[in-house]
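Novice: Okay, here's the structure, questions in a sec.
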Number of protein chains: 2
Amino acid sequence: MNKRKTLQDVALAAGVSKMTASRALRGDKDVSQRNISKVQEAARDIGYTGNHLAASLAGKQTDLIGVVLPNLNNIVFSHVLTGITEALYGTGLQPVCGITDYDADREYEVIRNMLSWRPTGLIVTGTEFPEDTQKLLREAGIPVVQIMDTDGDPIGGCVGFSHYRVGYDMAQALAQNSKTRIGYIGCGLDKDTRARKRFDGFEAGLKDAGLELITISSPTGAPSVKRGRELTEELWRDSPPLDCIYYSNDDLAAGGYHYFNDLDIAVPQQVGLVGCHGLDFISAIPGRIATTRTPRKEIGQAAVQMVLQAFATGQPLEPRTQVLQPKIDLGLIAQQPT
Amino acid sequence: MNKRKTLQDVALAAGVSKMTASRALRGDKDVSQRNISKVQEAARDIGYTGNHLAASLAGKQTDLIGVVLPNLNNIVFSHVLTGITEALYGTGLQPVCGITDYDADREYEVIRNMLSWRPTGLIVTGTEFPEDTQKLLREAGIPVVQIMDTDGDPIGGCVGFSHYRVGYDMAQALAQNSKTRIGYIGCGLDKDTRARKRFDGFEAGLKDAGLELITISSPTGAPSVKRGRELTEELWRDSPPLDCIYYSNDDLAAGGYHYFNDLDIAVPQQVGLVGCHGLDFISAIPGRIATTRTPRKEIGQAAVQMVLQAFATGQPLEPRTQVLQPKIDLGLIAQQPT
DNA sequence: ACTGGTACCGAAACCGGTACCGATACCAGT
DNA sequence: ACTGGTATCGGTACCGGTTTCGGTACCAGT
């Protein structure tokens with residue numbers, strides 16, 4: 001029943017050998033034009049689909065690029081994946097992505113599993129890995145590119161930016177714009193190490209400006225706009241007065257915006273809200289929410305370039321870090337009178 | 001150099017045959033406890049990774065479930081994929097997803113490519129396919145489940161809801177709640193057939209209520225919050241007065257909300273805004289934007305159930321449609337005085 | 001006629017596993 | 001001692017392609 005057509009069938013139908021059929025379909029040379037069309041025709045006629053498993057096993061090369069991401073509900077990683085997909089389009093390579101859900105054990109399994117498909121390259125998120133995962137990556141024997149984060153020692157290529165510095169710079173910028181009573185709201189810092197780095201950087205930046213966080217709300221769980229609204233409400237109710245709130249991302253900040261908006265509290269005049277990433281919906285309320293624009297798509301593209309380059313030359317891909325600097329957007333906070 | 005360890009190496013190191021090593025690692029029976037541990041130890045020692053290519057080729061079975069989605073920047077499909085991933089977790093099966101970007105040709109290529117990896121099942125988005133794509137799916141020889149849309153003739157299993165009816169029902173609901181001067185804003189209906197079906201249903205629903213759309217804005221391009229704001233601004237400026245706007249999705253509606261909010265035009269008292277899907281950020285402004293809550297994650301889970309069931313029994317998966325009814329949420333529109 | 005080169009084709013080995021089946025060892029039953 | 005059953009193992013034949021290498025066939029050059 002489930003008997004799929006094989007190359008042999010094509011060859012038979014075309015009246016040539018398996019090898020000629022193989023070459024014809026792959027566009028190899030050493031095949032006459034006449035046989036090429038005969039084979040192509042035969043393949044179409046009998047509905048031949050090809051078998052990547054066999055081809056990759058025999059050819060010792062897959063057209064797969066493994067991509068390991070923590071989560072796809074976070075639109076940030078969708079953007080990265082989009083950048084990767086676009087950059088890969090037309091190269092004959094194909095991304096295949098694995099989700100770790102910010103879980104180190106699952107990450108190990110996902111990477112191990114990826115590797116067993118013998119991909120041509122691997123793009124993984126972050127720089128912090130447990131020892132055994134590091135070993136896996138180091139011994140993978142294929143180009144490995146780490147993305148999103150440049151704080152830490154990369155194993156192979158590395159494209160991203162310093163989250164610590166994003167936090168630090170934002171703290172300094174806020175301080176320079178007369179924000180003094182600052183609170184923080186972040187979700188899932190226990191798992192999201194990059195959000196935590198931004199937090200750490202933010203605290204350090206404040207400290208260097210002679211300030212410190214007045215309140216910190218850092219529950220577990222996934223960040224969302226709704227969650228941002230709820231946490232903002234709690235914070236606003238329980239905390240001493242604030243003139244600014246730093247959120248672990250734009251989603252939470254947007255939730256805060258909605259809360260204050262419904263209360264007719266002017267944003268950012270009465271309270272400044274600061275997110276991270278520069279997502280689409282921030283642009284829809286221009287200037288209201290400050291943020292740091294991160295080059296997500298570009299990171300994906302740059303990662304692919306690294307893999308491609310390593311692929312074209314020798315395998316190992318020497319450790320090299322490429323920083324794609326994010327850009328602070330203070331919005332209306334920058335224009336307020338001091 | 002790039003000489004990866006093989007099962008033979010493991011067998012050698014463990015002092016057993018290749019077969020015993022294979023069985024030991026897969027947890028097959030007919031292996032003594034002593035050999036199991038010897039093999040496992042050897043595998044760990046030499047850093048054996050396994051080779052899915054060879055295993056799947058020989059075993060005539062992969063652990064892959066192909067998932068074909070139009071786009072991942074649209075959070076809706078991320079949710080579907082999340083549902084699929086979760087449902088698959090623990091089954092030993094693994095999703096691998098392909099993106100079509102709403103392009104029929106690319107869709108064909110993606111599916112063809114998927115099939116050549118010999119997946120155990122296939123989940124594709126939508127019911128409308130060109131003839132050759134249909135042929136591909138029909139002859140795939142594996143369980144095929146179509147998701148998101150139940151308007152149309154499914155090839156195998158089918159899980160989703162009627163987008164036509166979502167539009168129709170919303171139109172009726174709005175009419176019943178005294179909305180009469182209604183406009184429409186949608187993006188990319190040329191490619192997004194499901195959004196178009198909602199539009200068609202909406203028009204039909206209005207007509208049956210004795211109404212018709214006063215203005216229609218339907219440009220190409222991807223919908224986004226920012227885009228929603230811009231299009232709303234245009235529409236509001238150029239169109240006769242409206243008391244309600246139906247958008248092709250929540251993102252656009254949220255953009256509209258921001259526009260009116262900045263203008264101090266009360267939503268939904270002065271103008272009702274209606275999106276689709278019931279995304280997180282809608283919940284952050286409770287009641288303001290009406291929407292239709294769609295069970296995205298559940299669709300993904302149900303699709304997996306179908307595949308799993310077909311996998312457990314006979315292969316073909318007879319055509320069967322499962323409707324997961326969405327739920328209208330009119331928010332404050334429902335509570336307005338007539 | 002013979003040689004060398006080029007264009008094209010096919011047989012066999014192989015990629016790294018698994019399925020299948022036969023072999024061996026050992027023990028209880030008669 | 002012989003038979004049959006169970007537990008454990010290994011040899012061999014694939015899976016469906018690609019690589020490698022060795023032919024043919026045909027033509028120009030000498």
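Labels used: A, B, ... for chains in the order of the structure tokens, numbers from 1 for residues in each chain, and numbers from 1 for ligands as shown.
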At a cut-off of 10 Å, using only C-alpha atoms (C1' of nucleotides), what residues contact Thr133 in chain A? Leave out same-chain residues fewer than 4 positions from it and give the result as a PyMOL selection string.

Specialist: chain A and resi 104-105+107-109+111-112+128-129+137-139

Novice: Please superimpose chain A on chain B using every C-alpha atom, paired by order, in a least-squares fit, and write the moved chain as a tab-separated table (two decimals) with C-alpha atoms, in the first residue's frame.

Specialist:
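Output file part22.tsv is given in full below:
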```
chain	number	residue	atom	x	y	z
A	1	MET	CA	38.19	15.32	10.80
A	2	ASN	CA	34.41	15.51	10.80
A	3	LYS	CA	34.29	11.82	11.52
A	4	ARG	CA	31.36	11.20	13.75
A	5	LYS	CA	31.09	8.10	15.85
A	6	THR	CA	28.97	5.29	14.50
A	7	LEU	CA	27.13	2.46	16.07
A	8	GLN	CA	29.99	0.23	15.04
A	9	ASP	CA	32.33	2.25	17.18
A	10	VAL	CA	30.02	1.86	20.13
A	11	ALA	CA	29.76	-1.86	19.53
A	12	LEU	CA	33.52	-2.18	19.35
A	13	ALA	CA	34.00	-0.20	22.53
A	14	ALA	CA	31.41	-2.27	24.32
A	15	GLY	CA	32.75	-5.52	22.95
A	16	VAL	CA	29.48	-6.59	21.36
A	17	SER	CA	28.07	-6.70	17.88
A	18	LYS	CA	26.48	-3.79	16.09
A	19	MET	CA	23.08	-5.39	16.50
A	20	THR	CA	23.34	-5.77	20.21
A	21	ALA	CA	24.43	-2.18	20.51
A	22	SER	CA	21.51	-1.07	18.37
A	23	ARG	CA	19.05	-3.02	20.44
A	24	ALA	CA	20.53	-1.89	23.71
A	25	LEU	CA	20.34	1.77	22.79
A	26	ARG	CA	16.80	1.53	21.55
A	27	GLY	CA	15.63	-0.42	24.57
A	28	ASP	CA	14.69	-3.40	22.47
A	29	LYS	CA	14.34	-6.72	24.20
A	30	ASP	CA	16.63	-9.69	23.78
A	31	VAL	CA	19.57	-7.96	25.38
A	32	SER	CA	21.05	-8.87	28.73
A	33	GLN	CA	21.09	-6.26	31.43
A	34	ARG	CA	24.85	-6.47	31.53
A	35	ASN	CA	25.21	-5.65	27.86
A	36	ILE	CA	22.69	-2.85	28.08
A	37	SER	CA	24.77	-1.02	30.62
A	38	LYS	CA	28.01	-1.79	28.81
A	39	VAL	CA	26.65	-0.35	25.59
A	40	GLN	CA	25.12	2.69	27.22
A	41	GLU	CA	28.36	3.37	28.97
A	42	ALA	CA	30.38	2.97	25.81
A	43	ALA	CA	28.03	5.27	23.92
A	44	ARG	CA	28.39	7.95	26.54
A	45	ASP	CA	32.14	7.54	26.73
A	46	ILE	CA	32.87	7.96	23.07
A	47	GLY	CA	30.20	10.62	22.61
A	48	TYR	CA	27.90	8.77	20.28
A	49	THR	CA	25.11	10.89	18.85
A	50	GLY	CA	23.13	8.53	16.67
A	51	ASN	CA	22.08	9.15	13.13
A	52	HIS	CA	18.45	9.75	12.46
A	53	LEU	CA	19.00	9.61	8.74
A	54	ALA	CA	20.23	6.06	8.79
A	55	ALA	CA	17.78	4.97	11.45
A	56	SER	CA	14.79	6.36	9.62
A	57	LEU	CA	15.90	5.01	6.30
A	58	ALA	CA	16.37	1.54	7.64
A	59	GLY	CA	13.40	1.60	9.95
A	60	LYS	CA	11.09	2.94	7.24
A	61	GLN	CA	9.63	5.26	9.81
A	62	THR	CA	10.57	8.71	10.93
A	63	ASP	CA	9.51	10.45	14.09
A	64	LEU	CA	8.63	13.55	12.11
A	65	ILE	CA	5.30	15.31	11.87
A	66	GLY	CA	5.30	17.89	9.11
A	67	VAL	CA	3.54	21.15	9.89
A	68	VAL	CA	2.89	23.60	7.10
A	69	LEU	CA	1.96	27.12	8.17
A	70	PRO	CA	1.62	30.31	6.16
A	71	ASN	CA	3.52	32.56	8.51
A	72	LEU	CA	5.00	32.71	11.97
A	73	ASN	CA	4.97	36.46	12.43
A	74	ASN	CA	1.26	36.12	12.80
A	75	ILE	CA	1.06	35.05	16.41
A	76	VAL	CA	-2.04	33.02	15.64
A	77	PHE	CA	0.05	30.36	13.96
A	78	SER	CA	2.60	30.41	16.72
A	79	HIS	CA	-0.21	29.42	19.02
A	80	VAL	CA	-1.23	26.60	16.74
A	81	LEU	CA	2.34	25.39	16.61
A	82	THR	CA	2.58	25.59	20.37
A	83	GLY	CA	-0.51	23.42	20.67
A	84	ILE	CA	1.00	20.93	18.27
A	85	THR	CA	4.33	20.89	20.04
A	86	GLU	CA	2.73	20.39	23.42
A	87	ALA	CA	0.47	17.61	22.24
A	88	LEU	CA	3.39	15.88	20.60
A	89	TYR	CA	5.59	16.14	23.64
A	90	GLY	CA	6.21	12.73	25.11
A	91	THR	CA	4.97	10.81	22.09
A	92	GLY	CA	8.42	10.49	20.61
A	93	LEU	CA	7.20	12.37	17.58
A	94	GLN	CA	8.63	15.69	16.61
A	95	PRO	CA	7.14	18.58	14.67
A	96	VAL	CA	9.05	20.12	11.82
A	97	CYS	CA	7.51	23.18	10.34
A	98	GLY	CA	7.56	24.79	6.93
A	99	ILE	CA	6.50	28.32	6.08
A	100	THR	CA	4.66	29.16	2.89
A	101	ASP	CA	4.26	32.90	3.31
A	102	TYR	CA	0.76	32.56	1.86
A	103	ASP	CA	2.30	31.65	-1.48
A	104	ALA	CA	0.78	28.72	-3.36
A	105	ASP	CA	3.93	27.85	-5.27
A	106	ARG	CA	6.04	27.94	-2.20
A	107	GLU	CA	3.43	25.88	-0.44
A	108	TYR	CA	3.72	23.19	-3.08
A	109	GLU	CA	7.47	23.15	-2.73
A	110	VAL	CA	7.34	23.09	1.04
A	111	ILE	CA	4.94	20.17	1.10
A	112	ARG	CA	6.86	18.28	-1.53
A	113	ASN	CA	10.02	18.83	0.40
A	114	MET	CA	8.41	17.71	3.64
A	115	LEU	CA	7.13	14.58	2.02
A	116	SER	CA	10.58	13.66	0.87
A	117	TRP	CA	11.60	13.41	4.50
A	118	ARG	CA	8.98	10.70	4.85
A	119	PRO	CA	7.19	12.15	7.86
A	120	THR	CA	4.74	10.04	9.83
A	121	GLY	CA	2.00	12.61	9.48
A	122	LEU	CA	1.31	15.96	7.92
A	123	ILE	CA	-0.59	18.95	9.24
A	124	VAL	CA	-1.34	21.64	6.71
A	125	THR	CA	-3.12	24.94	7.01
A	126	GLY	CA	-6.33	25.55	5.12
A	127	THR	CA	-8.53	23.68	2.74
A	128	GLU	CA	-7.96	25.47	-0.53
A	129	PHE	CA	-5.15	24.03	-2.57
A	130	PRO	CA	-4.25	24.07	-6.25
A	131	GLU	CA	-4.85	20.82	-8.08
A	132	ASP	CA	-1.28	19.58	-8.01
A	133	THR	CA	-0.91	20.27	-4.32
A	134	GLN	CA	-4.08	18.33	-3.66
A	135	LYS	CA	-2.70	15.44	-5.64
A	136	LEU	CA	0.45	15.53	-3.57
A	137	LEU	CA	-1.53	15.37	-0.36
A	138	ARG	CA	-3.87	12.68	-1.55
A	139	GLU	CA	-1.05	10.44	-2.66
A	140	ALA	CA	1.13	11.17	0.33
A	141	GLY	CA	0.30	7.80	1.87
A	142	ILE	CA	0.40	9.26	5.37
A	143	PRO	CA	-2.26	10.81	7.58
A	144	VAL	CA	-2.94	14.37	6.47
A	145	VAL	CA	-4.81	16.80	8.68
A	146	GLN	CA	-5.95	20.18	7.46
A	147	ILE	CA	-6.37	22.84	10.10
A	148	MET	CA	-7.84	26.25	10.82
A	149	ASP	CA	-10.50	26.17	8.17
A	150	THR	CA	-13.52	23.94	7.76
A	151	ASP	CA	-15.03	25.70	4.75
A	152	GLY	CA	-14.21	23.42	1.85
A	153	ASP	CA	-13.69	19.75	1.10
A	154	PRO	CA	-11.01	18.25	3.27
A	155	ILE	CA	-8.68	15.60	1.88
A	156	GLY	CA	-8.10	13.80	5.16
A	157	GLY	CA	-8.81	14.94	8.67
A	158	CYS	CA	-9.87	18.51	9.27
A	159	VAL	CA	-9.91	20.58	12.45
A	160	GLY	CA	-10.95	24.18	12.73
A	161	PHE	CA	-13.92	26.38	12.24
A	162	SER	CA	-15.77	28.23	9.54
A	163	HIS	CA	-14.27	31.63	8.93
A	164	TYR	CA	-17.22	32.51	6.80
A	165	ARG	CA	-19.46	31.89	9.75
A	166	VAL	CA	-17.22	33.89	12.09
A	167	GLY	CA	-17.75	36.87	9.83
A	168	TYR	CA	-21.42	36.16	9.36
A	169	ASP	CA	-22.17	35.74	13.04
A	170	MET	CA	-20.28	38.85	13.96
A	171	ALA	CA	-22.21	40.87	11.43
A	172	GLN	CA	-25.47	39.63	12.84
A	173	ALA	CA	-24.37	40.31	16.39
A	174	LEU	CA	-23.36	43.85	15.54
A	175	ALA	CA	-26.61	44.47	13.77
A	176	GLN	CA	-28.51	43.20	16.79
A	177	ASN	CA	-26.56	45.60	18.92
A	178	SER	CA	-27.64	48.59	16.93
A	179	LYS	CA	-24.57	49.05	14.83
A	180	THR	CA	-25.68	50.29	11.45
A	181	ARG	CA	-22.92	52.36	9.95
A	182	ILE	CA	-20.16	49.83	9.61
A	183	GLY	CA	-16.82	50.02	7.86
A	184	TYR	CA	-14.23	47.35	7.13
A	185	ILE	CA	-10.47	47.33	7.27
A	186	GLY	CA	-8.48	44.28	6.26
A	187	CYS	CA	-4.95	43.60	5.10
A	188	GLY	CA	-3.65	41.11	2.60
A	189	LEU	CA	-6.98	39.55	1.69
A	190	ASP	CA	-5.48	38.75	-1.68
A	191	LYS	CA	-3.38	36.09	-0.01
A	192	ASP	CA	-5.05	35.30	3.28
A	193	THR	CA	-8.06	33.31	2.12
A	194	ARG	CA	-9.35	32.84	5.63
A	195	ALA	CA	-9.47	36.56	6.31
A	196	ARG	CA	-11.28	36.87	3.00
A	197	LYS	CA	-13.81	34.27	4.03
A	198	ARG	CA	-14.51	36.20	7.19
A	199	PHE	CA	-15.00	39.27	5.07
A	200	ASP	CA	-17.36	37.46	2.73
A	201	GLY	CA	-19.30	36.07	5.65
A	202	PHE	CA	-19.44	39.46	7.26
A	203	GLU	CA	-20.87	41.07	4.17
A	204	ALA	CA	-23.43	38.29	3.85
A	205	GLY	CA	-24.38	38.63	7.51
A	206	LEU	CA	-24.87	42.35	7.14
A	207	LYS	CA	-26.92	41.86	4.03
A	208	ASP	CA	-29.21	39.42	5.79
A	209	ALA	CA	-29.65	42.03	8.49
A	210	GLY	CA	-30.56	44.62	5.90
A	211	LEU	CA	-27.24	46.42	6.14
A	212	GLU	CA	-24.22	46.91	4.01
A	213	LEU	CA	-20.65	48.05	4.49
A	214	ILE	CA	-20.27	51.79	4.16
A	215	THR	CA	-16.56	51.76	3.48
A	216	ILE	CA	-14.03	49.11	2.71
A	217	SER	CA	-10.30	49.43	3.05
A	218	SER	CA	-8.51	46.36	1.87
A	219	PRO	CA	-4.93	46.98	0.88
A	220	THR	CA	-2.30	44.33	0.34
A	221	GLY	CA	0.50	43.80	2.81
A	222	ALA	CA	0.84	42.33	6.26
A	223	PRO	CA	-1.50	43.41	9.03
A	224	SER	CA	0.05	44.97	12.12
A	225	VAL	CA	-0.99	47.22	14.95
A	226	LYS	CA	0.77	50.15	13.38
A	227	ARG	CA	-0.83	49.48	10.04
A	228	GLY	CA	-4.19	49.30	11.78
A	229	ARG	CA	-3.69	52.74	13.21
A	230	GLU	CA	-2.72	54.21	9.87
A	231	LEU	CA	-5.57	52.62	7.97
A	232	THR	CA	-8.05	53.65	10.63
A	233	GLU	CA	-6.86	57.22	10.41
A	234	GLU	CA	-7.34	57.21	6.64
A	235	LEU	CA	-10.72	55.60	6.87
A	236	TRP	CA	-11.95	57.92	9.58
A	237	ARG	CA	-10.83	60.92	7.61
A	238	ASP	CA	-12.21	59.90	4.25
A	239	SER	CA	-15.30	57.94	5.06
A	240	PRO	CA	-18.81	58.97	6.02
A	241	PRO	CA	-19.38	58.74	9.77
A	242	LEU	CA	-19.23	55.23	11.19
A	243	ASP	CA	-20.37	53.67	14.42
A	244	CYS	CA	-18.36	50.50	13.99
A	245	ILE	CA	-15.33	49.12	12.19
A	246	TYR	CA	-14.74	45.45	11.47
A	247	TYR	CA	-11.08	44.55	11.09
A	248	SER	CA	-9.59	41.44	9.59
A	249	ASN	CA	-7.83	40.74	12.88
A	250	ASP	CA	-7.10	41.94	16.38
A	251	ASP	CA	-3.82	43.60	15.49
A	252	LEU	CA	-5.45	46.04	13.13
A	253	ALA	CA	-8.27	46.64	15.61
A	254	ALA	CA	-5.76	47.43	18.34
A	255	GLY	CA	-4.17	49.98	16.06
A	256	GLY	CA	-7.57	51.54	15.56
A	257	TYR	CA	-8.12	51.64	19.28
A	258	HIS	CA	-4.90	53.58	19.79
A	259	TYR	CA	-5.91	56.05	17.15
A	260	PHE	CA	-9.28	56.78	18.67
A	261	ASN	CA	-7.85	56.78	22.15
A	262	ASP	CA	-5.41	59.51	21.25
A	263	LEU	CA	-8.29	61.47	19.73
A	264	ASP	CA	-10.39	61.00	22.87
A	265	ILE	CA	-13.03	59.29	20.86
A	266	ALA	CA	-14.71	56.79	23.15
A	267	VAL	CA	-14.37	53.14	22.19
A	268	PRO	CA	-16.77	51.46	21.87
A	269	GLN	CA	-19.32	54.15	22.82
A	270	GLN	CA	-18.64	56.41	19.86
A	271	VAL	CA	-17.18	53.83	17.56
A	272	GLY	CA	-17.14	50.09	18.06
A	273	LEU	CA	-14.02	48.20	17.02
A	274	VAL	CA	-14.12	44.55	16.14
A	275	GLY	CA	-11.19	42.25	15.55
A	276	CYS	CA	-10.74	38.54	15.34
A	277	HIS	CA	-8.99	35.83	17.37
A	278	GLY	CA	-9.03	37.13	20.93
A	279	LEU	CA	-5.35	37.77	21.43
A	280	ASP	CA	-3.64	38.58	24.68
A	281	PHE	CA	-3.51	42.33	24.21
A	282	ILE	CA	-7.28	42.48	23.78
A	283	SER	CA	-7.63	41.20	27.31
A	284	ALA	CA	-5.46	44.04	28.50
A	285	ILE	CA	-8.12	46.56	27.51
A	286	PRO	CA	-11.12	44.61	28.71
A	287	GLY	CA	-14.32	45.15	26.82
A	288	ARG	CA	-12.99	47.81	24.51
A	289	ILE	CA	-12.41	45.73	21.42
A	290	ALA	CA	-14.94	43.14	20.38
A	291	THR	CA	-13.53	39.98	18.93
A	292	THR	CA	-14.11	36.36	18.15
A	293	ARG	CA	-12.11	34.07	20.37
A	294	THR	CA	-10.65	31.30	18.27
A	295	PRO	CA	-9.33	28.08	19.81
A	296	ARG	CA	-5.92	28.11	18.19
A	297	LYS	CA	-3.95	26.00	20.58
A	298	GLU	CA	-6.81	23.54	20.80
A	299	ILE	CA	-6.84	23.18	17.05
A	300	GLY	CA	-3.19	22.25	17.09
A	301	GLN	CA	-3.79	19.71	19.81
A	302	ALA	CA	-6.80	18.21	18.09
A	303	ALA	CA	-4.86	17.91	14.86
A	304	VAL	CA	-2.18	15.96	16.65
A	305	GLN	CA	-4.79	13.69	18.17
A	306	MET	CA	-6.06	12.91	14.70
A	307	VAL	CA	-2.62	12.11	13.41
A	308	LEU	CA	-1.88	9.98	16.45
A	309	GLN	CA	-5.10	8.10	16.08
A	310	ALA	CA	-4.52	7.43	12.41
A	311	PHE	CA	-1.01	6.38	13.27
A	312	ALA	CA	-2.25	3.89	15.84
A	313	THR	CA	-4.81	2.34	13.50
A	314	GLY	CA	-4.75	2.11	9.72
A	315	GLN	CA	-2.99	4.70	7.67
A	316	PRO	CA	-5.31	6.53	5.36
A	317	LEU	CA	-7.36	8.68	7.78
A	318	GLU	CA	-10.82	8.94	6.32
A	319	PRO	CA	-12.10	12.47	5.70
A	320	ARG	CA	-13.51	13.71	8.98
A	321	THR	CA	-14.15	17.26	10.06
A	322	GLN	CA	-14.00	18.41	13.63
A	323	VAL	CA	-15.35	21.87	14.36
A	324	LEU	CA	-13.99	23.75	17.33
A	325	GLN	CA	-16.45	26.58	17.63
A	326	PRO	CA	-15.05	30.05	18.26
A	327	LYS	CA	-16.83	32.35	20.66
A	328	ILE	CA	-17.97	35.88	20.04
A	329	ASP	CA	-16.94	38.45	22.63
A	330	LEU	CA	-18.71	41.73	22.05
A	331	GLY	CA	-17.23	43.32	25.14
A	332	LEU	CA	-18.83	46.64	25.99
A	333	ILE	CA	-20.68	46.77	22.72
A	334	ALA	CA	-23.13	44.28	24.16
A	335	GLN	CA	-23.84	46.44	27.15
A	336	GLN	CA	-24.53	49.68	25.41
A	337	PRO	CA	-28.03	51.08	25.64
A	338	THR	CA	-29.84	50.78	22.35
```

Novice: How close does chain C get to range 9-29 of chain D? List, as CSV, each residue of chain C within 9 Å, its nearest atom pair and the distance in Å to one decimal, counting only C-alpha atoms (C1' of nucleotides).

Specialist:
```
residue,atom,partner,partner_atom,distance
C:DT3,C1',D:DG29,C1',8.8
C:DG4,C1',D:DG29,C1',8.8
C:DG5,C1',D:DA28,C1',9.0
C:DT6,C1',D:DC27,C1',8.8
C:DA7,C1',D:DC26,C1',8.9
C:DC8,C1',D:DT24,C1',8.7
C:DC9,C1',D:DT24,C1',8.2
C:DG10,C1',D:DG23,C1',8.4
C:DA11,C1',D:DG22,C1',8.9
C:DA13,C1',D:DT20,C1',8.3
C:DC14,C1',D:DT19,C1',8.1
C:DC15,C1',D:DT18,C1',8.7
C:DT18,C1',D:DC15,C1',8.8
C:DA19,C1',D:DC14,C1',8.4
C:DC20,C1',D:DA13,C1',8.6
C:DG22,C1',D:DG11,C1',8.7
C:DA23,C1',D:DG10,C1',8.2
C:DT24,C1',D:DC9,C1',8.1
```

Novice: Output the selection as an mmCIF file, in the first residue's frame - C-alpha atoms (C1' of nucleotides) for each residue.

Specialist:
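result-v1.cif, freshly written:
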```cif
data_model
loop_
_atom_site.group_PDB
_atom_site.id
_atom_site.type_symbol
_atom_site.label_atom_id
_atom_site.label_comp_id
_atom_site.auth_asym_id
_atom_site.auth_seq_id
_atom_site.Cartn_x
_atom_site.Cartn_y
_atom_site.Cartn_z
ATOM 1 C "C1'" DT C 3 46.109 6.543 -30.043
ATOM 2 C "C1'" DG C 4 44.133 9.900 -26.963
ATOM 3 C "C1'" DG C 5 40.429 12.603 -25.462
ATOM 4 C "C1'" DT C 6 35.661 13.544 -24.465
ATOM 5 C "C1'" DA C 7 30.862 12.605 -23.533
ATOM 6 C "C1'" DC C 8 27.955 9.566 -21.526
ATOM 7 C "C1'" DC C 9 26.444 5.666 -18.973
ATOM 8 C "C1'" DG C 10 26.111 1.793 -15.461
ATOM 9 C "C1'" DA C 11 27.755 -1.745 -11.851
ATOM 10 C "C1'" DA C 13 30.421 -0.318 -3.048
ATOM 11 C "C1'" DC C 14 28.872 2.279 0.516
ATOM 12 C "C1'" DC C 15 26.316 5.649 3.916
ATOM 13 C "C1'" DT C 18 17.264 -1.716 11.477
ATOM 14 C "C1'" DA C 19 14.444 -6.050 10.349
ATOM 15 C "C1'" DC C 20 14.581 -10.655 10.029
ATOM 16 C "C1'" DG C 22 19.107 -18.411 12.343
ATOM 17 C "C1'" DA C 23 22.506 -19.836 15.920
ATOM 18 C "C1'" DT C 24 23.969 -20.746 20.498
#
```

Novice: DSSP says strand (DSSP E or B) for which residues of range 56-233 of chain A? Put them as an NGL selection string?

Specialist: :A and (64-69 or 94-99 or 121-125 or 144-149 or 157-161 or 182-185 or 215-217)

Novice: Find the spatial neighbours of DA28 in chain C, counting only C-alpha atoms (C1' of nucleotides), within a cut-off of 12 Å - ignore same-chain residues fewer than 3 positions away - and output them as a list in words.

Specialist: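 The residues satisfying every condition are DT3, DG4, DG5 and DT6 of chain D.
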
Novice: As number ranges by chain, which residues of range 52-288 of chain A does DSSP assign to alpha helix (DSSP H)?

Specialist: A: 52-59, 75-88, 104-115, 131-138, 163-176, 193-208, 225-238, 250-262, 280-283
